[in-house]
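See below for the structure under consideration.
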Amino acid sequence: MFKRIVLITFIFSALMLTGCTEDKTVSTSELPDVIRLGYVGPLTGAAAAYGQDIKAGIDLYFSEHPTIGDKPVEVIYEDGKCNGADAAVAAQKLITVDKVRFIFGGGCSGETLSMAPIAEENKVVTISSGSSSPEVTTAGDYIFRDYPSDSKVAQDMAAYIASHDRKKVALLTEQTDFAQGYRMMIKDSMTAYAELELVADEAYGVDNADFRTLLTKAKQQEANALISIGQSPSTNGFVVKQAKELGLDVQIYGPDTLSGQEFFDIAKDAGEGVIQFMVVPDPTQPGYAEKISKLPEAQGASIFQLLGYDAAGMAALAIEHVGYDATAIKDYWYDMPIYKGIGGDHKFDENGDDTTKIGMRIAKDGEFVMTEE
Amino acid sequence: MDYILHLAITMSIWGILTLSLNYVAGFTGIISLSHATFYGIGAYSTAILTVKYGFSFLLSVAIGMFLAAVIAYIVSIPLLKLQEDAFILVSFGFAIIGYHVLLNWQSITNGALGIKGIKAPVIFGFSFSGKPLFLCLVLVALICTYFILHRIVKSPYGTIMKNIRENSIVASVNGHDVTAYKRSVYTVGALFAALAGSLMATFLMFIEPKSFELMISVFILIALILGGMGNLKGSILGAVFIILIPEILRFVGFPNTIIGEMQQITYGLILVLLMILRPQGLLGEYKI
């Protein structure tokens, strides 16, 4: 029996070896009859809100621009479930079966980092509108993102706090990869400023809604600045509300996951004055209001929709200029002048990271507004 | 073809994983929800030792397996004092602890950011880079796992394992040290789960704590029940099904607006139907 299994295995492996030697897809600079683009992002699970938002942005762009150079565009959506293993197999399917040379995704850093070796090996361009891990920077030549690295946002946040009076910082983070990645970056960035003191560094479970114990600890440590990195606007809303209830005299900061009506619905007046560091869309950009009105209500945050829209626009622009050839698209993007998108201005650096400017908004009268500071 | 190879590799690795849980749960009746933790220990050992310290693949795998076995043995001391439901709940707790250790021990595991740049295995100077060669490697590992576990369960030791599964009190009355048997079974199961983890880490070239969370333990158990508990061939069949069903659903052509949700709902329905139609699993010899 064992011999039979071994024999079958070797025959099978030999067939695989022979079959696979000629399976490398040849790139072409001519546009195919149908331009098939791939998408890998979380469409189900805890991070689905962000994946669905990015998808909504891509959908809107290609509903407005259904062709590139007279050739119809088809986007093939695959659920990466915010999981490396699922994203890798989804990318492999898109590349091998659907023959795509371009993939929007991953929606999470884990997805992007698992897809990267496959995309690099097959010379397929990917662009992520939701990966914030600093590890993505060095993931490969074909790996791009129009969402900023955590490290960049964290550096700006630490620099801002250091330049102001309140320097005793309490850090509250949710136990998710996004929030924990942020936490690491903020702690790293704070080491550059001797005047900053991290008086509390507390992590809490996913979907927790009672932070009084952690906030009391921060109060006892005499924190006067509080960084809240929750995964959702509602979680951050509860942190802010309870901080006020406990009488904490702190300036509160957070990332783009503060955006969302739930934040103000929960935090109410306590939300006023909270400062948010994030990719800042330019409302003065022509067509901004029109796009916002056309997009469905964001499930996570509207910035992901806008960045998805911009990623689709940049893809269409590159394909129009250099054809549906991944290497040519990659080279085009590295040299591309500033792309005026709805989610902001985009320009890729030598690592494929967007040089997007990080902006600051402050909560005022129940909404976040730009601040000049 | 690369897609088929990718699936074949994933199914083979899951085959090892399911076989190892079958050894523990199917043959001995220890329904554990902590298997993903040992899978993670193997993956992280290989990733850390090869990427950070330049260890060879084989040595990193050996250390990963050894480490998983030692941890399993230590953990089994309090865990195996508990019976059935209580054991399942506590093993569930252990899986949560394991996940949070991977997430929070940042100096070693790199926390939520995971570890990237894990190289393809090189054994005695021969590199298993490329999917066809990697498939050969995992198939060899799968066959070895099958063969070793088959020899054990067919031995007198295996007969005692099954006696413990059927009635641990009778086994104890017959003079067998039930706890010692269970402890050794749990340890060996963890050892092979770690092997699967090492292979998965070098295959994906990137790992993160999320890949070893509680739900993975649940999916391994589903694969085992689906294939049939107490049957080694069933474990491999269960692994094939658990990987293949969602992939087939990618080709069904659900509307783009609800594609992800429909795939998940259909996947769940198929699993429910299979359980209703075949509660003992496809090739099952033992039912929970």
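Order determines the names: the first chain of the structure tokens is A, the second B, and so forth; residues in each chain are numbered 1 upward, and ligands are numbered 1 upward as they are shown.
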Practice item. Give me every alpha helix (DSSP H) residue in segment 31-85 of chain B, going by DSSP on the backbone, as a PyMOL selection string. Key: chain B and resi 35-47+57-79+84-85
Residues as selected, C-alpha atoms, written as a short mmCIF file (atom, residue, chain, number, x, y, z; two decimals), in the first residue's frame, can you do that?
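Wrote out-v4.cif, looks like this:
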data_model
loop_
_atom_site.label_atom_id
_atom_site.label_comp_id
_atom_site.auth_asym_id
_atom_site.auth_seq_id
_atom_site.Cartn_x
_atom_site.Cartn_y
_atom_site.Cartn_z
CA HIS B 35 -4.30 22.77 17.43
CA ALA B 36 -3.78 26.09 15.63
CA THR B 37 -1.47 27.13 18.47
CA PHE B 38 0.94 24.27 17.75
CA TYR B 39 0.59 24.96 14.03
CA GLY B 40 1.60 28.55 14.83
CA ILE B 41 4.54 27.48 17.01
CA GLY B 42 5.96 25.52 14.07
CA ALA B 43 5.39 28.37 11.64
CA TYR B 44 6.88 31.02 13.90
CA SER B 45 9.85 28.85 14.89
CA THR B 46 10.80 28.36 11.25
CA ALA B 47 10.16 31.99 10.36
CA PHE B 57 15.25 24.92 7.14
CA LEU B 58 15.60 21.39 8.54
CA LEU B 59 17.05 22.56 11.83
CA SER B 60 14.33 25.19 12.21
CA VAL B 61 11.64 22.58 11.53
CA ALA B 62 13.19 20.20 14.05
CA ILE B 63 13.37 22.93 16.69
CA GLY B 64 9.79 24.00 15.93
CA MET B 65 8.52 20.46 16.33
CA PHE B 66 10.51 19.95 19.51
CA LEU B 67 9.28 23.23 20.97
CA ALA B 68 5.65 22.42 20.12
CA ALA B 69 6.04 18.99 21.68
CA VAL B 70 7.56 20.40 24.88
CA ILE B 71 4.85 23.06 25.20
CA ALA B 72 2.14 20.49 24.46
CA TYR B 73 3.52 18.18 27.11
CA ILE B 74 3.65 20.93 29.74
CA VAL B 75 0.20 22.23 28.83
CA SER B 76 -1.25 18.74 28.83
CA ILE B 77 -0.43 18.31 32.54
CA PRO B 78 -3.24 20.59 33.75
CA LEU B 79 -5.39 20.26 30.61
CA GLU B 84 -14.67 16.22 27.75
CA ASP B 85 -16.61 19.55 27.82
#
Point to revise | All strand (DSSP E or B) residues (DSSP, backbone) inside segment 138-187 of chain A, as a list in words | key: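 Selecting the strand (DSSP E or B) positions of segment 138-187 of chain A gives Ile143, Phe144, Arg145, Lys168, Val169, Ala170, Leu171, Leu172, Thr173 and Glu174 of chain A.
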File dump, residues just selected, C-alpha atoms, as a PDB file, in the first residue's frame:
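Now in selection.pdb:
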ATOM      1  CA  ILE A 143       3.689  46.378  -4.904  1.00  0.00           C
ATOM      2  CA  PHE A 144       2.154  49.852  -4.582  1.00  0.00           C
ATOM      3  CA  ARG A 145      -0.239  51.518  -2.177  1.00  0.00           C
ATOM      4  CA  LYS A 168       2.326  62.770  29.156  1.00  0.00           C
ATOM      5  CA  VAL A 169       0.801  60.306  26.748  1.00  0.00           C
ATOM      6  CA  ALA A 170      -1.590  57.420  27.388  1.00  0.00           C
ATOM      7  CA  LEU A 171      -1.996  54.967  24.523  1.00  0.00           C
ATOM      8  CA  LEU A 172      -5.164  52.852  24.243  1.00  0.00           C
ATOM      9  CA  THR A 173      -5.229  50.301  21.429  1.00  0.00           C
ATOM     10  CA  GLU A 174      -7.583  47.561  20.289  1.00  0.00           C
TER      11      GLU A 174
END
Point to revise | Residue neighbourhood segment 227-234 of chain A, 6 Å, only C-alpha atoms, exclusion window fewer than 2 positions, as a ChimeraX atom specification | key: /A:171-174,179,236-237,252-254,257-260,262-263
Store the residues picked out above, limited to C-alpha atoms, as a PDB file, in the first residue's frame.
ATOM      1  CA  LEU A 171      -1.996  54.967  24.523  1.00  0.00           C
ATOM      2  CA  LEU A 172      -5.164  52.852  24.243  1.00  0.00           C
ATOM      3  CA  THR A 173      -5.229  50.301  21.429  1.00  0.00           C
ATOM      4  CA  GLU A 174      -7.583  47.561  20.289  1.00  0.00           C
ATOM      5  CA  ALA A 179      -4.294  48.943  15.920  1.00  0.00           C
ATOM      6  CA  ASN A 236     -13.220  55.310  19.639  1.00  0.00           C
ATOM      7  CA  GLY A 237     -16.501  57.048  20.482  1.00  0.00           C
ATOM      8  CA  ILE A 252      -7.372  63.116  22.493  1.00  0.00           C
ATOM      9  CA  TYR A 253      -5.791  62.006  19.199  1.00  0.00           C
ATOM     10  CA  GLY A 254      -6.679  59.234  16.774  1.00  0.00           C
ATOM     11  CA  THR A 257     -10.822  55.073  12.092  1.00  0.00           C
ATOM     12  CA  LEU A 258     -12.389  57.954  14.053  1.00  0.00           C
ATOM     13  CA  SER A 259     -14.258  59.003  10.909  1.00  0.00           C
ATOM     14  CA  GLY A 260     -17.879  57.988  10.907  1.00  0.00           C
ATOM     15  CA  GLU A 262     -21.153  56.637  15.021  1.00  0.00           C
ATOM     16  CA  PHE A 263     -18.217  58.423  16.637  1.00  0.00           C
TER      17      PHE A 263
END
Exercise for review: Kindly indicate which residue among B:Leu80, B:Leu232, B:Ile4, B:Ile276 lies nearest to Ala90 of chain A, using only C-alpha atoms for the distances.
Suggested key: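 Of B:Leu80, B:Leu232, B:Ile4, B:Ile276, the one nearest Ala90 of chain A is B:Ile4, counting only C-alpha atoms.
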**Study point:** Residue with smallest distance to chain B - pool A:Asp165, A:Asp141, A:Asp79, A:Glu64, counting only C-alpha atoms
**Key:**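 Closest residue, counting only C-alpha atoms: A:Asp79.
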Check your understanding: Which of these residues is nearest to Phe348 of chain A, using only C-alpha atoms: A:Glu297, A:Gly323, A:Ile161, A:Tyr147?
Key ->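 When distances to Phe348 of chain A are compared using only C-alpha atoms, the smallest one comes from A:Tyr147.
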**Study point:** Contact residues around Glu247 of chain B with only C-alpha atoms at 10 Å, ignoring same-chain residues under 6 positions, as a ChimeraX atom specification
**Key:** /A:86,89-90,93 /B:7,241,263,267
